[in-house]
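Printed here is input26.cif (mmCIF, C-alpha atoms and all ligand atoms; chains and numbers go by the auth columns):
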```
data_final
loop_
_atom_site.group_PDB
_atom_site.id
_atom_site.type_symbol
_atom_site.label_atom_id
_atom_site.label_comp_id
_atom_site.label_asym_id
_atom_site.label_seq_id
_atom_site.Cartn_x
_atom_site.Cartn_y
_atom_site.Cartn_z
_atom_site.B_iso_or_equiv
_atom_site.auth_seq_id
_atom_site.auth_asym_id
ATOM 1 C CA MET A 1 22.713 -28.115 -19.980 0.00 1 A
ATOM 2 C CA ASN A 2 19.189 -27.585 -21.224 0.00 2 A
ATOM 3 C CA GLN A 3 17.900 -31.075 -20.637 0.00 3 A
ATOM 4 C CA THR A 4 15.898 -30.025 -17.571 0.00 4 A
ATOM 5 C CA LEU A 5 13.784 -27.607 -19.587 0.00 5 A
ATOM 6 C CA SER A 6 10.648 -28.651 -21.409 0.00 6 A
ATOM 7 C CA GLU A 7 10.477 -28.046 -25.126 0.00 7 A
ATOM 8 C CA SER A 8 8.422 -24.864 -24.847 0.00 8 A
ATOM 9 C CA LYS A 9 10.738 -23.485 -22.190 0.00 9 A
ATOM 10 C CA GLU A 10 13.750 -24.342 -24.269 0.00 10 A
ATOM 11 C CA LEU A 11 12.195 -22.364 -27.123 0.00 11 A
ATOM 12 C CA LEU A 12 11.749 -19.453 -24.772 0.00 12 A
ATOM 13 C CA PHE A 13 15.333 -19.785 -23.607 0.00 13 A
ATOM 14 C CA ASN A 14 16.576 -19.549 -27.203 0.00 14 A
ATOM 15 C CA LYS A 15 14.219 -16.675 -27.902 0.00 15 A
ATOM 16 C CA ALA A 16 15.654 -14.781 -24.919 0.00 16 A
ATOM 17 C CA LYS A 17 19.153 -15.426 -26.165 0.00 17 A
ATOM 18 C CA ASP A 18 18.305 -14.069 -29.622 0.00 18 A
ATOM 19 C CA PHE A 19 16.507 -11.132 -28.039 0.00 19 A
ATOM 20 C CA CYS A 20 19.676 -10.181 -26.146 0.00 20 A
ATOM 21 C CA GLU A 21 21.803 -10.561 -29.261 0.00 21 A
ATOM 22 C CA ASP A 22 19.456 -8.307 -31.201 0.00 22 A
ATOM 23 C CA LYS A 23 19.717 -5.686 -28.469 0.00 23 A
ATOM 24 C CA GLY A 24 23.480 -5.995 -28.417 0.00 24 A
ATOM 25 C CA VAL A 25 23.590 -7.058 -24.770 0.00 25 A
ATOM 26 C CA ARG A 26 25.426 -10.115 -23.551 0.00 26 A
ATOM 27 C CA PHE A 27 23.577 -13.235 -22.555 0.00 27 A
ATOM 28 C CA THR A 28 26.544 -14.488 -20.552 0.00 28 A
ATOM 29 C CA PRO A 29 26.797 -18.112 -19.372 0.00 29 A
ATOM 30 C CA LEU A 30 26.075 -16.916 -15.837 0.00 30 A
ATOM 31 C CA ARG A 31 23.001 -14.951 -16.904 0.00 31 A
ATOM 32 C CA ALA A 32 21.925 -17.994 -18.892 0.00 32 A
ATOM 33 C CA LYS A 33 22.099 -20.116 -15.739 0.00 33 A
ATOM 34 C CA VAL A 34 20.045 -17.649 -13.704 0.00 34 A
ATOM 35 C CA TYR A 35 17.506 -17.389 -16.501 0.00 35 A
ATOM 36 C CA GLN A 36 17.269 -21.157 -16.704 0.00 36 A
ATOM 37 C CA ILE A 37 16.542 -21.385 -12.991 0.00 37 A
ATOM 38 C CA LEU A 38 13.756 -18.846 -13.424 0.00 38 A
ATOM 39 C CA LEU A 39 12.339 -20.761 -16.373 0.00 39 A
ATOM 40 C CA GLN A 40 12.280 -24.039 -14.453 0.00 40 A
ATOM 41 C CA GLU A 41 9.898 -22.556 -11.903 0.00 41 A
ATOM 42 C CA ASP A 42 6.170 -22.463 -12.405 0.00 42 A
ATOM 43 C CA ALA A 43 5.971 -20.498 -9.202 0.00 43 A
ATOM 44 C CA SER A 44 7.776 -17.235 -8.823 0.00 44 A
ATOM 45 C CA ILE A 45 11.091 -17.489 -7.025 0.00 45 A
ATOM 46 C CA GLY A 46 12.956 -15.301 -4.547 0.00 46 A
ATOM 47 C CA ALA A 47 16.509 -14.093 -5.084 0.00 47 A
ATOM 48 C CA TYR A 48 17.916 -16.304 -2.321 0.00 48 A
ATOM 49 C CA ASP A 49 16.200 -19.397 -3.662 0.00 49 A
ATOM 50 C CA ILE A 50 17.741 -18.601 -7.030 0.00 50 A
ATOM 51 C CA LEU A 51 21.109 -18.270 -5.302 0.00 51 A
ATOM 52 C CA ASP A 52 20.705 -21.665 -3.605 0.00 52 A
ATOM 53 C CA LYS A 53 20.005 -23.322 -6.945 0.00 53 A
ATOM 54 C CA LEU A 54 22.757 -21.412 -8.696 0.00 54 A
ATOM 55 C CA LYS A 55 25.302 -22.475 -6.073 0.00 55 A
ATOM 56 C CA LEU A 56 24.724 -26.104 -7.027 0.00 56 A
ATOM 57 C CA ILE A 57 26.130 -25.416 -10.488 0.00 57 A
ATOM 58 C CA GLU A 58 28.246 -22.317 -9.795 0.00 58 A
ATOM 59 C CA ASP A 59 29.763 -22.480 -6.339 0.00 59 A
ATOM 60 C CA SER A 60 31.319 -19.035 -6.476 0.00 60 A
ATOM 61 C CA ALA A 61 27.857 -17.440 -6.807 0.00 61 A
ATOM 62 C CA LYS A 62 27.100 -14.664 -4.324 0.00 62 A
ATOM 63 C CA PRO A 63 23.974 -12.560 -3.723 0.00 63 A
ATOM 64 C CA PRO A 64 25.228 -9.697 -5.955 0.00 64 A
ATOM 65 C CA THR A 65 25.714 -12.241 -8.765 0.00 65 A
ATOM 66 C CA VAL A 66 22.015 -13.006 -8.657 0.00 66 A
ATOM 67 C CA TYR A 67 20.878 -9.409 -8.149 0.00 67 A
ATOM 68 C CA ARG A 68 22.950 -8.177 -11.055 0.00 68 A
ATOM 69 C CA ALA A 69 21.537 -10.850 -13.335 0.00 69 A
ATOM 70 C CA LEU A 70 17.999 -10.101 -12.146 0.00 70 A
ATOM 71 C CA ASP A 71 18.443 -6.359 -12.782 0.00 71 A
ATOM 72 C CA PHE A 72 19.644 -7.183 -16.245 0.00 72 A
ATOM 73 C CA PHE A 73 16.580 -9.313 -16.999 0.00 73 A
ATOM 74 C CA LEU A 74 14.145 -6.901 -15.349 0.00 74 A
ATOM 75 C CA GLU A 75 15.448 -4.033 -17.422 0.00 75 A
ATOM 76 C CA LEU A 76 15.026 -6.012 -20.633 0.00 76 A
ATOM 77 C CA GLY A 77 11.550 -7.161 -19.598 0.00 77 A
ATOM 78 C CA LEU A 78 12.527 -10.832 -19.715 0.00 78 A
ATOM 79 C CA VAL A 79 11.623 -11.221 -16.065 0.00 79 A
ATOM 80 C CA HIS A 80 8.961 -9.541 -13.941 0.00 80 A
ATOM 81 C CA LYS A 81 9.092 -8.811 -10.266 0.00 81 A
ATOM 82 C CA VAL A 82 6.149 -9.957 -8.181 0.00 82 A
ATOM 83 C CA GLU A 83 6.059 -7.061 -5.760 0.00 83 A
ATOM 84 C CA SER A 84 3.701 -8.509 -3.177 0.00 84 A
ATOM 85 C CA THR A 85 5.894 -11.534 -2.537 0.00 85 A
ATOM 86 C CA ASN A 86 9.252 -10.001 -3.535 0.00 86 A
ATOM 87 C CA THR A 87 9.899 -12.779 -6.016 0.00 87 A
ATOM 88 C CA PHE A 88 10.630 -13.069 -9.714 0.00 88 A
ATOM 89 C CA LYS A 89 8.988 -14.755 -12.666 0.00 89 A
ATOM 90 C CA ALA A 90 10.143 -15.217 -16.247 0.00 90 A
ATOM 91 C CA CYS A 91 7.875 -13.458 -18.732 0.00 91 A
ATOM 92 C CA HIS A 92 6.605 -15.671 -21.538 0.00 92 A
ATOM 93 C CA HIS A 93 5.822 -12.909 -23.980 0.00 93 A
ATOM 94 C CA PHE A 94 8.641 -10.426 -23.687 0.00 94 A
ATOM 95 C CA GLY A 95 9.645 -8.116 -26.482 0.00 95 A
ATOM 96 C CA CYS A 96 6.715 -5.738 -26.168 0.00 96 A
ATOM 97 C CA SER A 97 5.921 -3.525 -23.242 0.00 97 A
ATOM 98 C CA HIS A 98 2.762 -4.804 -21.662 0.00 98 A
ATOM 99 C CA PRO A 99 0.830 -4.406 -18.434 0.00 99 A
ATOM 100 C CA VAL A 100 1.713 -7.106 -15.964 0.00 100 A
ATOM 101 C CA GLN A 101 -1.113 -9.043 -14.392 0.00 101 A
ATOM 102 C CA PHE A 102 -0.449 -11.958 -12.109 0.00 102 A
ATOM 103 C CA LEU A 103 -2.693 -14.617 -10.629 0.00 103 A
ATOM 104 C CA ILE A 104 -0.839 -15.852 -7.574 0.00 104 A
ATOM 105 C CA CYS A 105 -1.874 -19.054 -5.797 0.00 105 A
ATOM 106 C CA ASP A 106 -1.301 -18.692 -2.065 0.00 106 A
ATOM 107 C CA THR A 107 -1.494 -22.455 -1.574 0.00 107 A
ATOM 108 C CA CYS A 108 1.104 -23.804 -4.022 0.00 108 A
ATOM 109 C CA GLY A 109 2.790 -20.561 -5.039 0.00 109 A
ATOM 110 C CA ASP A 110 2.009 -20.965 -8.728 0.00 110 A
ATOM 111 C CA VAL A 111 2.138 -17.655 -10.569 0.00 111 A
ATOM 112 C CA LYS A 112 0.332 -17.195 -13.844 0.00 112 A
ATOM 113 C CA GLU A 113 0.815 -14.122 -15.975 0.00 113 A
ATOM 114 C CA ILE A 114 -2.323 -13.049 -17.756 0.00 114 A
ATOM 115 C CA SER A 115 -2.990 -10.260 -20.163 0.00 115 A
ATOM 116 C CA SER A 116 -6.300 -8.499 -19.863 0.00 116 A
ATOM 117 C CA GLU A 117 -6.636 -5.642 -22.322 0.00 117 A
ATOM 118 C CA GLY A 118 -9.892 -4.560 -20.693 0.00 118 A
ATOM 119 C CA VAL A 119 -8.200 -3.917 -17.376 0.00 119 A
ATOM 120 C CA LYS A 120 -5.462 -1.965 -19.084 0.00 120 A
ATOM 121 C CA GLU A 121 -7.911 0.240 -20.965 0.00 121 A
ATOM 122 C CA THR A 122 -10.062 0.963 -17.935 0.00 122 A
ATOM 123 C CA LEU A 123 -7.028 1.954 -15.919 0.00 123 A
ATOM 124 C CA GLU A 124 -5.690 4.134 -18.717 0.00 124 A
ATOM 125 C CA ARG A 125 -9.023 5.865 -19.169 0.00 125 A
ATOM 126 C CA GLN A 126 -9.290 6.655 -15.482 0.00 126 A
ATOM 127 C CA ALA A 127 -5.683 7.809 -15.340 0.00 127 A
ATOM 128 C CA LEU A 128 -6.352 10.135 -18.267 0.00 128 A
ATOM 129 C CA GLN A 129 -9.275 11.662 -16.387 0.00 129 A
ATOM 130 C CA SER A 130 -6.853 12.473 -13.551 0.00 130 A
ATOM 131 C CA ASN A 131 -4.305 13.706 -16.054 0.00 131 A
ATOM 132 C CA PHE A 132 -1.982 10.980 -14.806 0.00 132 A
ATOM 133 C CA LYS A 133 0.645 9.409 -17.017 0.00 133 A
ATOM 134 C CA ILE A 134 1.058 5.673 -16.362 0.00 134 A
ATOM 135 C CA MET A 135 4.560 4.324 -16.816 0.00 135 A
ATOM 136 C CA THR A 136 4.089 0.765 -15.618 0.00 136 A
ATOM 137 C CA GLN A 137 1.111 -1.304 -14.579 0.00 137 A
ATOM 138 C CA THR A 138 1.288 -4.306 -12.320 0.00 138 A
ATOM 139 C CA ILE A 139 -1.736 -6.060 -10.929 0.00 139 A
ATOM 140 C CA GLU A 140 -1.271 -8.928 -8.526 0.00 140 A
ATOM 141 C CA ALA A 141 -4.277 -11.027 -7.579 0.00 141 A
ATOM 142 C CA HIS A 142 -3.931 -13.562 -4.762 0.00 142 A
ATOM 143 C CA GLY A 143 -6.119 -16.632 -4.424 0.00 143 A
ATOM 144 C CA ILE A 144 -6.311 -20.365 -5.025 0.00 144 A
ATOM 145 C CA CYS A 145 -5.402 -21.895 -8.385 0.00 145 A
ATOM 146 C CA ASN A 146 -7.493 -24.417 -10.272 0.00 146 A
ATOM 147 C CA GLN A 147 -5.324 -27.330 -9.202 0.00 147 A
ATOM 148 C CA CYS A 148 -5.369 -26.437 -5.508 0.00 148 A
ATOM 149 C CA GLN A 149 -9.137 -25.992 -5.540 0.00 149 A
ATOM 150 C CA GLY A 150 -9.430 -29.552 -6.764 0.00 150 A
ATOM 151 C CA THR A 151 -7.345 -31.196 -4.045 0.00 151 A
ATOM 152 C CA GLY A 152 -8.742 -32.751 -0.908 0.00 152 A
ATOM 153 C CA ILE A 153 -12.356 -32.805 -2.035 0.00 153 A
ATOM 154 C CA SER A 154 -12.315 -36.119 -3.943 0.00 154 A
HETATM 155 ZN ZN ZN B . 5.164 -10.387 -19.143 0.00 201 B
HETATM 156 ZN ZN ZN B . -2.197 -23.637 -6.289 0.00 202 B
#
```
Would you mind writing the structure in this file as structure tokens?
Ligand SMILES: [Zn+2]
Ligand SMILES: [Zn+2]
Amino acid sequence: MNQTLSESKELLFNKAKDFCEDKGVRFTPLRAKVYQILLQEDASIGAYDILDKLKLIEDSAKPPTVYRALDFFLELGLVHKVESTNTFKACHHFGCSHPVQFLICDTCGDVKEISSEGVKETLERQALQSNFKIMTQTIEAHGICNQCQGTGIS
């Protein structure tokens, strides 16, 4: 079942499974399938695209099946929502709460999660000045990825 995942993604898959076990929540076979679909994508993926892929292996899958699984993963921090495109992306360093910063390529759809402590600190400092308590931070930057910049100019 895991043969379509690269070695590093398979490690992440097992890590997620252990993470759920530690938390006492169930990493059900269905959740595992949804998570695998998310892991296979380098781009972020919309709920209905997940459903299309899930239906190939689980023909009884319905939209609520996917939404329930996504809510489960979002709550645990295993998956992030990309708000600006209403899509989802597996987090590669879950287990700690961290600000979410995405570099989103508008040409190929690739989504890269980065972690910039400087951005986090600046935002927190300014929030403090306004006596504002930050609960979550998500920064989404749109542009053209390295690979797409290189195409067509050779
Ligand atoms: Zn993350
Ligand atoms: Zn690109």
Let me have all residues with an atom within 7 Å of ligand ZN 202 (chain B), counting only C-alpha atoms and all ligand atoms, laid out as a PyMOL selection string. chain A and resi 105-110+144-148
Could you list the protein, DNA and RNA residues that have any atom within 12 Å of ligand ZN 201 (chain B), counting all atoms listed in the file, and write them as a ChimeraX atom specification? /A:73-74,76-82,88-102,111-116,136-139
Provide the CA of Ser44 (chain A) to CA of Thr87 (chain A) distance in Å, to one decimal place. 5.7 Å
Given the choices A:Ile45, A:Ile50, A:Val34, A:Leu56, which gets closest to Ala69 (chain A) if the distance is worked out from only C-alpha atoms? A:Val34
Give the answer as one residue: which of A:Leu103, A:Lys120, A:Ala47, A:Glu21 has the shortest atom-to-atom distance to Ala61 (chain A), using all atoms listed in the file?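 Among the listed residues, the smallest separation from Ala61 (chain A) belongs to A:Ala47.
Compared by their closest atoms to Ile37 (chain A), and using all atoms listed in the file, the residues A:Leu123, A:Gln129, A:Leu70, A:Ser84 rank with A:Leu70 nearest.
One finds CA of Gly118 (chain A) at 25.6 Å from CA of Glu75 (chain A).
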Can you give me, as a PyMOL selection string, the residues this file yields under the PyMOL selection byres (((chain A and resi 54) around 12) and not hetatm)? chain A and resi 29-38+47-53+55-63+65-66+69
With all atoms listed in the file as the atoms that count, which of A:Cys20, A:Leu39, A:Leu128, A:Ile104 lies nearest to Phe72 (chain A)?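 Closest candidate: A:Cys20.
Interatomic distance, CA of His142 (chain A) to CA of Thr85 (chain A): 10.3 Å.
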Looking at all atoms listed in the file, which of A:Met135, A:Leu5, A:Asn86, A:Arg125 is the one that sits closest to Glu41 (chain A)?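 For Glu41 (chain A), the nearest of the given residues is A:Leu5.
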Residue completion, region 13-38 of chain A, N, CA and C atoms, as a short mmCIF file (atom, residue, chain, number, x, y, z; two decimals), in the frame of the given file:
```cif
data_model
loop_
_atom_site.label_atom_id
_atom_site.label_comp_id
_atom_site.auth_asym_id
_atom_site.auth_seq_id
_atom_site.Cartn_x
_atom_site.Cartn_y
_atom_site.Cartn_z
N PHE A 13 13.93 -20.02 -23.95
CA PHE A 13 15.33 -19.78 -23.61
C PHE A 13 16.10 -19.28 -24.84
N ASN A 14 15.89 -19.95 -25.97
CA ASN A 14 16.58 -19.55 -27.20
C ASN A 14 16.09 -18.20 -27.70
N LYS A 15 14.80 -17.94 -27.49
CA LYS A 15 14.22 -16.68 -27.90
C LYS A 15 14.86 -15.53 -27.09
N ALA A 16 15.04 -15.79 -25.80
CA ALA A 16 15.65 -14.78 -24.92
C ALA A 16 17.09 -14.49 -25.35
N LYS A 17 17.77 -15.55 -25.72
CA LYS A 17 19.15 -15.43 -26.16
C LYS A 17 19.23 -14.56 -27.43
N ASP A 18 18.36 -14.85 -28.38
CA ASP A 18 18.30 -14.07 -29.62
C ASP A 18 17.93 -12.62 -29.33
N PHE A 19 16.99 -12.47 -28.42
CA PHE A 19 16.51 -11.13 -28.04
C PHE A 19 17.67 -10.28 -27.53
N CYS A 20 18.51 -10.89 -26.68
CA CYS A 20 19.68 -10.18 -26.15
C CYS A 20 20.67 -9.85 -27.25
N GLU A 21 20.88 -10.80 -28.14
CA GLU A 21 21.80 -10.56 -29.26
C GLU A 21 21.33 -9.41 -30.13
N ASP A 22 20.03 -9.39 -30.40
CA ASP A 22 19.46 -8.31 -31.20
C ASP A 22 19.67 -6.95 -30.53
N LYS A 23 19.57 -6.94 -29.21
CA LYS A 23 19.72 -5.69 -28.47
C LYS A 23 21.18 -5.32 -28.25
N GLY A 24 22.06 -6.25 -28.61
CA GLY A 24 23.48 -6.00 -28.42
C GLY A 24 23.93 -6.11 -26.97
N VAL A 25 23.17 -6.83 -26.15
CA VAL A 25 23.59 -7.06 -24.77
C VAL A 25 23.99 -8.52 -24.60
N ARG A 26 24.85 -8.78 -23.63
CA ARG A 26 25.43 -10.12 -23.55
C ARG A 26 24.63 -11.07 -22.68
N PHE A 27 24.25 -12.15 -23.27
CA PHE A 27 23.58 -13.24 -22.56
C PHE A 27 24.69 -14.17 -22.07
N THR A 28 25.36 -13.76 -21.02
CA THR A 28 26.54 -14.49 -20.55
C THR A 28 26.15 -15.87 -20.01
N PRO A 29 27.11 -16.78 -19.92
CA PRO A 29 26.80 -18.11 -19.37
C PRO A 29 26.16 -18.03 -17.98
N LEU A 30 26.62 -17.08 -17.18
CA LEU A 30 26.08 -16.92 -15.84
C LEU A 30 24.62 -16.43 -15.88
N ARG A 31 24.37 -15.44 -16.73
CA ARG A 31 23.00 -14.95 -16.90
C ARG A 31 22.11 -16.08 -17.42
N ALA A 32 22.67 -16.87 -18.33
CA ALA A 32 21.92 -17.99 -18.89
C ALA A 32 21.51 -18.96 -17.78
N LYS A 33 22.41 -19.19 -16.84
CA LYS A 33 22.10 -20.12 -15.74
C LYS A 33 21.00 -19.58 -14.85
N VAL A 34 21.07 -18.27 -14.54
CA VAL A 34 20.05 -17.65 -13.70
C VAL A 34 18.70 -17.69 -14.43
N TYR A 35 18.74 -17.39 -15.72
CA TYR A 35 17.51 -17.39 -16.50
C TYR A 35 16.88 -18.78 -16.56
N GLN A 36 17.75 -19.77 -16.67
CA GLN A 36 17.27 -21.16 -16.70
C GLN A 36 16.57 -21.56 -15.40
N ILE A 37 17.14 -21.11 -14.30
CA ILE A 37 16.54 -21.38 -12.99
C ILE A 37 15.15 -20.76 -12.91
N LEU A 38 15.05 -19.53 -13.42
CA LEU A 38 13.76 -18.85 -13.42
C LEU A 38 12.75 -19.57 -14.30
#
```
